[in-house]
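Heads up: the structure comes next, in structure tokens.
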Amino acid sequence: MSDDNTTVAWASLAISLAGLVTAVVALVWQAVTWKFTGAHVRVETALGITSYWGKDARSVVIVTARNLGRSGIEVTGWGVTLPGQRDWVATRQLPGNDPSSLTLDGLHSAKWIVPLHLLGEAATSDRGKVEFIGWVQLATGKRVTSRVLVVDAAHIAEQVQEFAENPIPG
């Protein structure tokens, strides 16, 4: 008779442990679901190259906003913070960019491109490196910023000079 009791005890322990594991998994799932219910915007800044009309490759700073949450959120503006905490903000719609003000739906992204020569004159540095920080302004009043993008000052000066000698047509 004691073998039957031991078997039942082990079976009860296994069932209770399975129930405990199921409860913990359900609790973690609920926490993750709650975390991503709203809008969660992440901003990235990168250096890239673009070509206008198939020629004249130019360096650009790319600001990308990604909504990792499920709910949409309104972006009311974007820009780049230059050295000295000065902000560069687009005063007109640049070709190929998403609108400055838009609703960023859940799991979607928007991208804005700034030719480096536009930032170059405002971002002079004698240290050899220039730091840019991309940002977006949300309708909630919150500003979300990217990590620092470090660009060689000589490259910026080269782009400014190139644009002065060969401006982009149109």
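We name chains A, B, ... following the order of the structure tokens; residues begin at 1 in each chain, and ligands are numbered from 1 as shown.
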
Write out as a Markdown table a residue-level contact list of range 32-52 of chain A versus range 67-79 of chain A with cut-off 9 Å: for each qualifying residue the closest pair of atoms and the distance in Å to one decimal, counting only C-alpha atoms, rows sorted by chain and residue number upward.
```
| residue | atom | partner | partner_atom | distance |
| --- | --- | --- | --- | --- |
| A:Lys35 | CA | A:Gly69 | CA | 8.2 |
| A:Phe36 | CA | A:Gly69 | CA | 4.8 |
| A:Thr37 | CA | A:Arg70 | CA | 5.5 |
| A:Gly38 | CA | A:Ser71 | CA | 5.0 |
| A:Ala39 | CA | A:Gly69 | CA | 4.4 |
| A:His40 | CA | A:Gly69 | CA | 4.8 |
| A:Val41 | CA | A:Asn67 | CA | 4.4 |
| A:Arg42 | CA | A:Asn67 | CA | 6.5 |
| A:Val43 | CA | A:Asn67 | CA | 8.9 |
```

Residues just named, written with C-alpha atoms as an mmCIF file, in the first residue's frame:
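Final output, saved to result.cif:
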```
data_model
loop_
_atom_site.group_PDB
_atom_site.id
_atom_site.type_symbol
_atom_site.label_atom_id
_atom_site.label_comp_id
_atom_site.auth_asym_id
_atom_site.auth_seq_id
_atom_site.Cartn_x
_atom_site.Cartn_y
_atom_site.Cartn_z
ATOM 1 C CA LYS A 35 4.974 46.485 -21.581
ATOM 2 C CA PHE A 36 4.333 46.663 -25.335
ATOM 3 C CA THR A 37 0.704 47.820 -25.178
ATOM 4 C CA GLY A 38 1.526 51.505 -25.659
ATOM 5 C CA ALA A 39 3.870 53.215 -28.075
ATOM 6 C CA HIS A 40 7.612 52.731 -27.530
ATOM 7 C CA VAL A 41 9.733 54.841 -29.865
ATOM 8 C CA ARG A 42 13.425 54.193 -30.476
ATOM 9 C CA VAL A 43 15.567 56.620 -32.512
#
```

task: Please measure the separation of CA of Pro115 in chain A and CA of Leu82 in chain A, giving the value in Å to one decimal.
output: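 Atom-to-atom, CA of Pro115 in chain A to CA of Leu82 in chain A, that is 14.0 Å.
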
query: From the set A:Val89, A:Val25, A:Ala31, A:Leu116, which residue has the shortest atom-to-atom contact distance to Gln159 in chain A, counting only C-alpha atoms?
result: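 Among A:Val89, A:Val25, A:Ala31, A:Leu116, it is A:Leu116 that comes nearest to Gln159 in chain A.
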
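Ranking A:Ala9, A:Ala23, A:Ala46, A:Val150 by their shortest atom-to-atom distance to Val60 in chain A, with only C-alpha atoms included, puts A:Ala46 first.
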
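Of the residues listed (A:Ile113, A:Asp4, A:Ala14, A:Ala65), A:Ala65 shows the shortest atom-to-atom separation from Ser146 in chain A; distances use only C-alpha atoms.
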
- request: If you run DSSP over the backbone, which residues in chain A end up helix (DSSP H, G or I)? Put them as a VMD selection string.
  value: chain A and resid 2 to 35 116 to 120 153 to 165

- prompt: Pick the closest to Thr81 in chain A from A:Asp105, A:Glu44, A:Asp98, A:Glu131: which is it, counting only C-alpha atoms?
  reply: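 Using only C-alpha atoms, the shortest distance to Thr81 in chain A belongs to A:Glu131.
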